[in-house]
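S.K.: I have a structure I would like to understand better, so I am pasting it below and will then ask my questions one at a time.
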Amino acid sequence: MPQPPDDFVPRPRLFDRLDRALAAPVTVVCAPPGFGKSTLVAAWCSTRSISVAWMSADAADADQVRFWRHVAAALDHAVPDVESLVAMVDAHLAHDPAAPPAELVARINNALVDATDPVVLVIDDYHTVESREVHASVALLLDHAPPALRFVLLSRADPPFALARRRARGELVELREADLRFTRDEAADLLRRVAPDISSGQLDVLVERTEGWAVGLQLAGLSLAGHPDPASFVAAFSGSHRFVLDFLVEEVLDRQPPDVHEFLLETSILDHLSSDLCDAVTVRTDSQEILEHAERSGLFLIALDDDRRWWRYHHLFADLLRVQLSKRDPSAASALHRRAALWHDERELAPEAVRHAVAADDPDLAAEIVQRHAGELLLRTEGAAWGWFTQLPAALVGSRRLLLARARLALYEGSPDEAEQLLDAADDADDTDDADDPTTPGDSVHDDLEANTSLLRAYVAHLRGDAEETQRRATEARAATSDPQSTLSLVAELHLAAVPWLRGDVTAAESALRAGIEHWRSSNPEDRAAWTAHYLTDIQRARGDLDAAAQTCRSLLDREATYERPDDLAIAVAHTGLAQVAYERNDIDHARTLVETGIARCRPYVQAQFLATGLATKALILDALGLPAAALEAMDEAVRLGPRETVADILNPVPAQRARLLLAQGQLEAAADWIDGRHHGADGTRRHVDLPGDLALADLSLSRGNPADALRLLDPMRAHAERDRRWGHLIDIDVLRARALALSGNEDEAVGTLGRTIARAAPGGHVRALLAGGTPVAGLLARLVSQGGRDRPTGAGAPAEHLRTLQHALTVADRPRPADASRPQRLVVPLTERELEILELINGGRRNKEIAAELYVSLNTVKKHVTHIFDKLGVTNRTQATARARQLGLVIDDPEHHP
């Protein structure tokens, strides 16, 4: 926590306002820079007998793990009696490196749930945090904070939380610009400490012209101290903040010793200052002493830790120091930035090193750093890779090597059209410098420019579903490299192995991928395991072999467990694949747990295809749970973060899945907006890569009451699927055909089609594909059951046991569902989705321990949710809660499980 300066002016009126923070969950101190937010709150904390956890945020805290680790460290300092939260977070991350932030928040929450005395968590400079994910996780902690925890957020702008709601409930304390302005008495106290002879009239002028702005008054006070003519100084003190500050900085700087003056200007290029970094930038050895002197002298230097190892200048002061540096020597900043770049580069702080190299106007150094670190960053998300490129000058970004790198990133993000434009630009770029570049490692997918260009063009064709062009370009790339074991050659083989899948030949595709797995394992390119597993499980599910798909995922998890550093992306793909299998078998709860793990582990990467698959699977699961609004929200996120629509449907089925989800929810026109806008081939020329979109088109035709149109689409699809032995696809096709035949009046043929489909689905345990038929399929099922005995196949060949499974699943699906959290609830404060889930379990007779085990949360977390449920329902026990919930229609009235 920063210490208030010795000359701090007491402000009891604001301290009284802040005292309310001890009773309110959230306090926001929001004002432009220079209004003394941090100093005020730090001084208040130092005069109160309270436990304070202080965290100073910065832009790097967009990384959620970093952010919550910093919060944990601050809380450890404030509440030493509890188990070390940093150690707890680190242990959790060591066990699960891709742990969702919600899990970290839950652990912090649970550790403080028994605290009795108030703990004030101050987050300073919250406006520097620009990550929506961090905002969401902070909001989660705000909503579910333990009773003793109080939040004080210091920011230049309102944090993106539901402040209006908290204000209406009396849960918010606010101090804003008007509150923080110095009154005349406060300004007099400040100024007379440094200029005791200031007259009342001069004081009035300064208060009026600074408008009570703390930094303006402070700078005026520094300039007045020892000024030979205070009256003329005050008389000349006028203008906007910018001009006033320019004038005052010159006055302050001119009064500093030459070495301090020089140090302030040279270190102004740094966002954060340490003695080592300042020594490197200024080429001196006494930076620590000067930093401590500057802080003691009130030169707008803010300590970022108690050990006085890191500081920063006040933002406006730093801006003006840079202006002064530029005025004195316009070329000086380049050398300073270059030294800063080298210092950061030596410590593997690549983003900071690139930023300083670019600021130094040293494209060669920037390129060297980018080349050395590009391989790692190109697989990460959160905008990191694009951020690097946007920091580089246009001439450097236009080099052939970096154009190829940008094209690869565009392909990872699912943008083949953008990648093709970049590849065209790379073909026209001068590659002289690239050819002579000694900085890139020898065995890299980015090395051989000609082969890599062919490989990336193969990737473009691959994403578009063009099997012939993919094969031609991948063969060209493989032939262009002399080492068959190189990474480039192995990636070319990956694309060649996918060619049969693009053609619909699942037998050849599975064989090629399985053969490739052994080859790739021997060469150990771990980052290709995720890609292989993703395709292989898709192919196996297309064959209808859910057991094989599940085994592929389990084998991948077993393999990754043998590595010292497992590949998170591979683990993400495996969990999502297992979730897809569990969903298809109607094991919805297990599927939900698996897919959440897969999504969480996938988010740190730019592989849009994998993340979209996970989110779309989650959407289908939520819809099966009776949460249509939440399902559509997840599906919309999948579309937004997933590949572009120029990617072939079979590789990016998400838009088609969204359209069919809308149809299932009765939103025909919304679904038609996408489906009708697609280009469809002529009858009989259906392509395998268009299958998901074509199924959506057939579904739309049925929803519009046009079974003949649906059958014209479905019959050639069925012929191709049967020819290629894609039995899983055949199940999807024939469910729609059964609906079309029934709608056409051919009910006997529809029953026969459905019976054969169920017979095909039974060995693998397919359920959800059959449930997709909805009410029409339920009627056909009743006919099938009437044709067969209890334990023998029906007349249509459908196994009776699987028929009963389907009948039960349809019955459950038709039951009333507990309220969706997104739907209106007759409560002043609606229950959250998690609270509704727990309420349903309470209604089913589950005790708290059983709920904790089922939801994979701690017992304390369940207790806290139960308390919130009781408060919102206005009840005091479980019996009252279930009765009230049934009255409001929030749960199913199941008399067998009344508590």
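Residues are named by chain letter and number: chains run A, B, ... in the order of the structure tokens, numbers start at 1 in each chain, and ligands are numbered from 1 in the order shown.
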Just list the residues in region 550-587 of chain A DSSP gives alpha helix (DSSP H) on the backbone, as a list in words.
M.R.: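 Everything in region 550-587 of chain A that counts as alpha helix (DSSP H) is Ala550, Gln551, Thr552, Cys553, Arg554, Ser555, Leu556, Leu557, Asp558, Arg559, Glu560, Asp568, Leu569, Ala570, Ile571, Ala572, Val573, Ala574, His575, Thr576, Gly577, Leu578, Ala579, Gln580, Val581, Ala582, Tyr583 and Glu584 of chain A.
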S.K.: Would you mind reading off the distance between CA of His495 (chain A) and CA of Gly764 (chain A), one decimal, in Å?
M.R.: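 Computing it gives 29.1 Å between the two atoms.
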S.K.: Got a sec: who's within 10 Å of region 742-757 of chain A, counting only C-alpha atoms, leaving out chain neighbours fewer than 3 positions off, as a ChimeraX atom specification?
M.R.: /A:702,705-708,711,727-728,730-739,760-762,770,776-777,779-785,793-799,803
S.K.: Excluding Ala43 (chain A) and residues on its chain fewer than 6 positions from it, collect all residues at most 8 Å away from it, counting only C-alpha atoms, and give them as a VMD selection string.
M.R.: chain A and resid 3 to 4 8
S.K.: Apply DSSP to the structure's backbone, then extract all residues of region 27-93 of chain A labelled strand (DSSP E) and return them as a list in words.
M.R.: Thr27, Val28, Val29, Cys30, Ser51, Val52, Ala53, Trp54, Met55 and Ser56 of chain A
S.K.: Save out the residues we just selected, all heavy atoms, as a PDB file, in the first residue's frame.
M.R.:
```
ATOM      1  N   THR A  27     -17.157   0.362  -3.031  1.00  0.00           N
ATOM      2  CA  THR A  27     -16.916   1.799  -3.065  1.00  0.00           C
ATOM      3  C   THR A  27     -16.139   2.104  -4.346  1.00  0.00           C
ATOM      4  O   THR A  27     -15.165   1.421  -4.666  1.00  0.00           O
ATOM      5  CB  THR A  27     -16.098   2.261  -1.845  1.00  0.00           C
ATOM      6  OG1 THR A  27     -16.858   2.016  -0.662  1.00  0.00           O
ATOM      7  CG2 THR A  27     -15.761   3.737  -1.941  1.00  0.00           C
ATOM      8  N   VAL A  28     -16.590   3.121  -5.075  1.00  0.00           N
ATOM      9  CA  VAL A  28     -15.921   3.533  -6.312  1.00  0.00           C
ATOM     10  C   VAL A  28     -15.447   4.966  -6.137  1.00  0.00           C
ATOM     11  O   VAL A  28     -16.240   5.860  -5.816  1.00  0.00           O
ATOM     12  CB  VAL A  28     -16.864   3.432  -7.523  1.00  0.00           C
ATOM     13  CG1 VAL A  28     -16.213   4.041  -8.757  1.00  0.00           C
ATOM     14  CG2 VAL A  28     -17.229   1.981  -7.786  1.00  0.00           C
ATOM     15  N   VAL A  29     -14.139   5.176  -6.322  1.00  0.00           N
ATOM     16  CA  VAL A  29     -13.559   6.514  -6.315  1.00  0.00           C
ATOM     17  C   VAL A  29     -13.142   6.796  -7.753  1.00  0.00           C
ATOM     18  O   VAL A  29     -12.165   6.227  -8.252  1.00  0.00           O
ATOM     19  CB  VAL A  29     -12.357   6.613  -5.357  1.00  0.00           C
ATOM     20  CG1 VAL A  29     -11.824   8.038  -5.314  1.00  0.00           C
ATOM     21  CG2 VAL A  29     -12.747   6.157  -3.952  1.00  0.00           C
ATOM     22  N   CYS A  30     -13.910   7.626  -8.424  1.00  0.00           N
ATOM     23  CA  CYS A  30     -13.747   7.791  -9.873  1.00  0.00           C
ATOM     24  C   CYS A  30     -13.573   9.267 -10.210  1.00  0.00           C
ATOM     25  O   CYS A  30     -14.428  10.100  -9.884  1.00  0.00           O
ATOM     26  CB  CYS A  30     -14.966   7.226 -10.594  1.00  0.00           C
ATOM     27  SG  CYS A  30     -14.855   7.286 -12.387  1.00  0.00           S
ATOM     28  N   SER A  51      -8.007  -4.132   8.114  1.00  0.00           N
ATOM     29  CA  SER A  51      -7.116  -4.936   7.267  1.00  0.00           C
ATOM     30  C   SER A  51      -7.284  -4.466   5.829  1.00  0.00           C
ATOM     31  O   SER A  51      -8.393  -4.483   5.301  1.00  0.00           O
ATOM     32  CB  SER A  51      -7.457  -6.423   7.373  1.00  0.00           C
ATOM     33  OG  SER A  51      -7.267  -6.888   8.684  1.00  0.00           O
ATOM     34  N   VAL A  52      -6.177  -4.047   5.218  1.00  0.00           N
ATOM     35  CA  VAL A  52      -6.233  -3.490   3.868  1.00  0.00           C
ATOM     36  C   VAL A  52      -5.371  -4.325   2.932  1.00  0.00           C
ATOM     37  O   VAL A  52      -4.186  -4.572   3.201  1.00  0.00           O
ATOM     38  CB  VAL A  52      -5.738  -2.023   3.844  1.00  0.00           C
ATOM     39  CG1 VAL A  52      -5.750  -1.480   2.414  1.00  0.00           C
ATOM     40  CG2 VAL A  52      -6.606  -1.168   4.749  1.00  0.00           C
ATOM     41  N   ALA A  53      -5.976  -4.759   1.837  1.00  0.00           N
ATOM     42  CA  ALA A  53      -5.243  -5.439   0.758  1.00  0.00           C
ATOM     43  C   ALA A  53      -5.198  -4.467  -0.418  1.00  0.00           C
ATOM     44  O   ALA A  53      -6.245  -4.131  -0.975  1.00  0.00           O
ATOM     45  CB  ALA A  53      -5.931  -6.739   0.368  1.00  0.00           C
ATOM     46  N   TRP A  54      -4.009  -4.014  -0.775  1.00  0.00           N
ATOM     47  CA  TRP A  54      -3.877  -2.977  -1.823  1.00  0.00           C
ATOM     48  C   TRP A  54      -3.221  -3.577  -3.054  1.00  0.00           C
ATOM     49  O   TRP A  54      -2.149  -4.155  -2.977  1.00  0.00           O
ATOM     50  CB  TRP A  54      -3.036  -1.815  -1.306  1.00  0.00           C
ATOM     51  CG  TRP A  54      -3.020  -0.612  -2.224  1.00  0.00           C
ATOM     52  CD1 TRP A  54      -2.393  -0.514  -3.425  1.00  0.00           C
ATOM     53  CD2 TRP A  54      -3.675   0.631  -1.994  1.00  0.00           C
ATOM     54  NE1 TRP A  54      -2.602   0.724  -3.961  1.00  0.00           N
ATOM     55  CE2 TRP A  54      -3.387   1.465  -3.110  1.00  0.00           C
ATOM     56  CE3 TRP A  54      -4.455   1.150  -0.959  1.00  0.00           C
ATOM     57  CZ2 TRP A  54      -3.867   2.753  -3.215  1.00  0.00           C
ATOM     58  CZ3 TRP A  54      -4.939   2.440  -1.068  1.00  0.00           C
ATOM     59  CH2 TRP A  54      -4.645   3.237  -2.184  1.00  0.00           C
ATOM     60  N   MET A  55      -3.870  -3.403  -4.183  1.00  0.00           N
ATOM     61  CA  MET A  55      -3.309  -3.870  -5.453  1.00  0.00           C
ATOM     62  C   MET A  55      -3.327  -2.717  -6.447  1.00  0.00           C
ATOM     63  O   MET A  55      -4.353  -2.073  -6.636  1.00  0.00           O
ATOM     64  CB  MET A  55      -4.130  -5.033  -6.011  1.00  0.00           C
ATOM     65  CG  MET A  55      -3.699  -5.448  -7.413  1.00  0.00           C
ATOM     66  SD  MET A  55      -4.894  -6.545  -8.176  1.00  0.00           S
ATOM     67  CE  MET A  55      -4.342  -6.516  -9.887  1.00  0.00           C
ATOM     68  N   SER A  56      -2.200  -2.470  -7.093  1.00  0.00           N
ATOM     69  CA  SER A  56      -2.116  -1.467  -8.159  1.00  0.00           C
ATOM     70  C   SER A  56      -2.155  -2.182  -9.493  1.00  0.00           C
ATOM     71  O   SER A  56      -1.243  -2.936  -9.833  1.00  0.00           O
ATOM     72  CB  SER A  56      -0.821  -0.652  -8.030  1.00  0.00           C
ATOM     73  OG  SER A  56      -0.832   0.110  -6.839  1.00  0.00           O
TER      74      SER A  56
END
```
S.K.: Within 7 Å of region 655-666 of chain A, counting only C-alpha atoms, which residues show up once you throw out same-chain ones fewer than 6 positions away? Write them as an NGL selection string, please.
M.R.: :A and (635 or 639 or 674 or 692-693 or 696)
S.K.: Need the shell around region 136-153 of chain A: protein/DNA/RNA residues with any atom at most 7 Å away, counting only C-alpha atoms. Skip same-chain ones fewer than 5 positions apart. Format as a count of residues only?
M.R.: 24
S.K.: To one decimal place, how far is CA of Glu722 (chain A) from CA of Leu691 (chain A) in Å?
M.R.: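 If I compute the distance from CA of Glu722 (chain A) to CA of Leu691 (chain A), I get 13.6 Å.
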S.K.: Name the closest residue to Thr861 (chain A) among the candidates A:Ala885, A:Ala31, A:Ile838, A:Cys278; distances are taken between atoms, counting only C-alpha atoms.
M.R.: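 Comparing A:Ala885, A:Ala31, A:Ile838, A:Cys278 against Thr861 (chain A), the winner is A:Ile838.
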S.K.: Name the residues in contact with region 573-580 of chain A at a cut-off of 6 Å, using only C-alpha atoms, excluding same-chain residues fewer than 6 positions from it; report them as a PDB file with all heavy atoms, in the first residue's frame.
M.R.:
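Once written, result-v2.pdb looks like this:
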```pdb
ATOM      1  N   ALA A 530      -3.351 -31.983 -30.971  1.00  0.00           N
ATOM      2  CA  ALA A 530      -4.710 -31.459 -30.857  1.00  0.00           C
ATOM      3  C   ALA A 530      -5.405 -31.489 -32.217  1.00  0.00           C
ATOM      4  O   ALA A 530      -6.561 -31.908 -32.332  1.00  0.00           O
ATOM      5  CB  ALA A 530      -4.681 -30.037 -30.307  1.00  0.00           C
ATOM      6  N   ALA A 550     -14.377 -41.776 -28.407  1.00  0.00           N
ATOM      7  CA  ALA A 550     -14.054 -41.617 -26.989  1.00  0.00           C
ATOM      8  C   ALA A 550     -12.672 -42.174 -26.683  1.00  0.00           C
ATOM      9  O   ALA A 550     -11.905 -41.581 -25.916  1.00  0.00           O
ATOM     10  CB  ALA A 550     -15.110 -42.307 -26.133  1.00  0.00           C
ATOM     11  N   CYS A 553      -9.898 -39.799 -27.680  1.00  0.00           N
ATOM     12  CA  CYS A 553      -9.744 -38.708 -26.705  1.00  0.00           C
ATOM     13  C   CYS A 553      -9.055 -39.193 -25.434  1.00  0.00           C
ATOM     14  O   CYS A 553      -8.167 -38.517 -24.895  1.00  0.00           O
ATOM     15  CB  CYS A 553     -11.105 -38.108 -26.370  1.00  0.00           C
ATOM     16  SG  CYS A 553     -11.911 -37.303 -27.779  1.00  0.00           S
ATOM     17  N   ALA A 591     -21.496 -34.439 -19.827  1.00  0.00           N
ATOM     18  CA  ALA A 591     -21.082 -33.673 -21.002  1.00  0.00           C
ATOM     19  C   ALA A 591     -20.819 -32.222 -20.631  1.00  0.00           C
ATOM     20  O   ALA A 591     -19.843 -31.610 -21.093  1.00  0.00           O
ATOM     21  CB  ALA A 591     -22.158 -33.749 -22.087  1.00  0.00           C
ATOM     22  N   LEU A 594     -17.454 -31.873 -18.851  1.00  0.00           N
ATOM     23  CA  LEU A 594     -16.339 -32.050 -19.785  1.00  0.00           C
ATOM     24  C   LEU A 594     -16.152 -30.836 -20.685  1.00  0.00           C
ATOM     25  O   LEU A 594     -15.029 -30.372 -20.904  1.00  0.00           O
ATOM     26  CB  LEU A 594     -16.591 -33.300 -20.643  1.00  0.00           C
ATOM     27  CG  LEU A 594     -16.456 -34.655 -19.953  1.00  0.00           C
ATOM     28  CD1 LEU A 594     -17.081 -35.750 -20.808  1.00  0.00           C
ATOM     29  CD2 LEU A 594     -14.985 -34.973 -19.681  1.00  0.00           C
ATOM     30  N   VAL A 595     -17.248 -30.318 -21.217  1.00  0.00           N
ATOM     31  CA  VAL A 595     -17.109 -29.229 -22.190  1.00  0.00           C
ATOM     32  C   VAL A 595     -16.632 -27.957 -21.515  1.00  0.00           C
ATOM     33  O   VAL A 595     -15.881 -27.163 -22.119  1.00  0.00           O
ATOM     34  CB  VAL A 595     -18.431 -28.999 -22.948  1.00  0.00           C
ATOM     35  CG1 VAL A 595     -19.428 -28.163 -22.159  1.00  0.00           C
ATOM     36  CG2 VAL A 595     -18.147 -28.342 -24.303  1.00  0.00           C
ATOM     37  N   GLY A 598     -12.986 -28.242 -21.401  1.00  0.00           N
ATOM     38  CA  GLY A 598     -12.412 -28.058 -22.735  1.00  0.00           C
ATOM     39  C   GLY A 598     -12.385 -26.600 -23.153  1.00  0.00           C
ATOM     40  O   GLY A 598     -11.374 -26.109 -23.677  1.00  0.00           O
ATOM     41  N   GLY A 614     -16.138 -26.252 -28.990  1.00  0.00           N
ATOM     42  CA  GLY A 614     -16.491 -26.378 -27.586  1.00  0.00           C
ATOM     43  C   GLY A 614     -17.702 -25.542 -27.225  1.00  0.00           C
ATOM     44  O   GLY A 614     -18.626 -26.014 -26.535  1.00  0.00           O
TER      45      GLY A 614
END
```
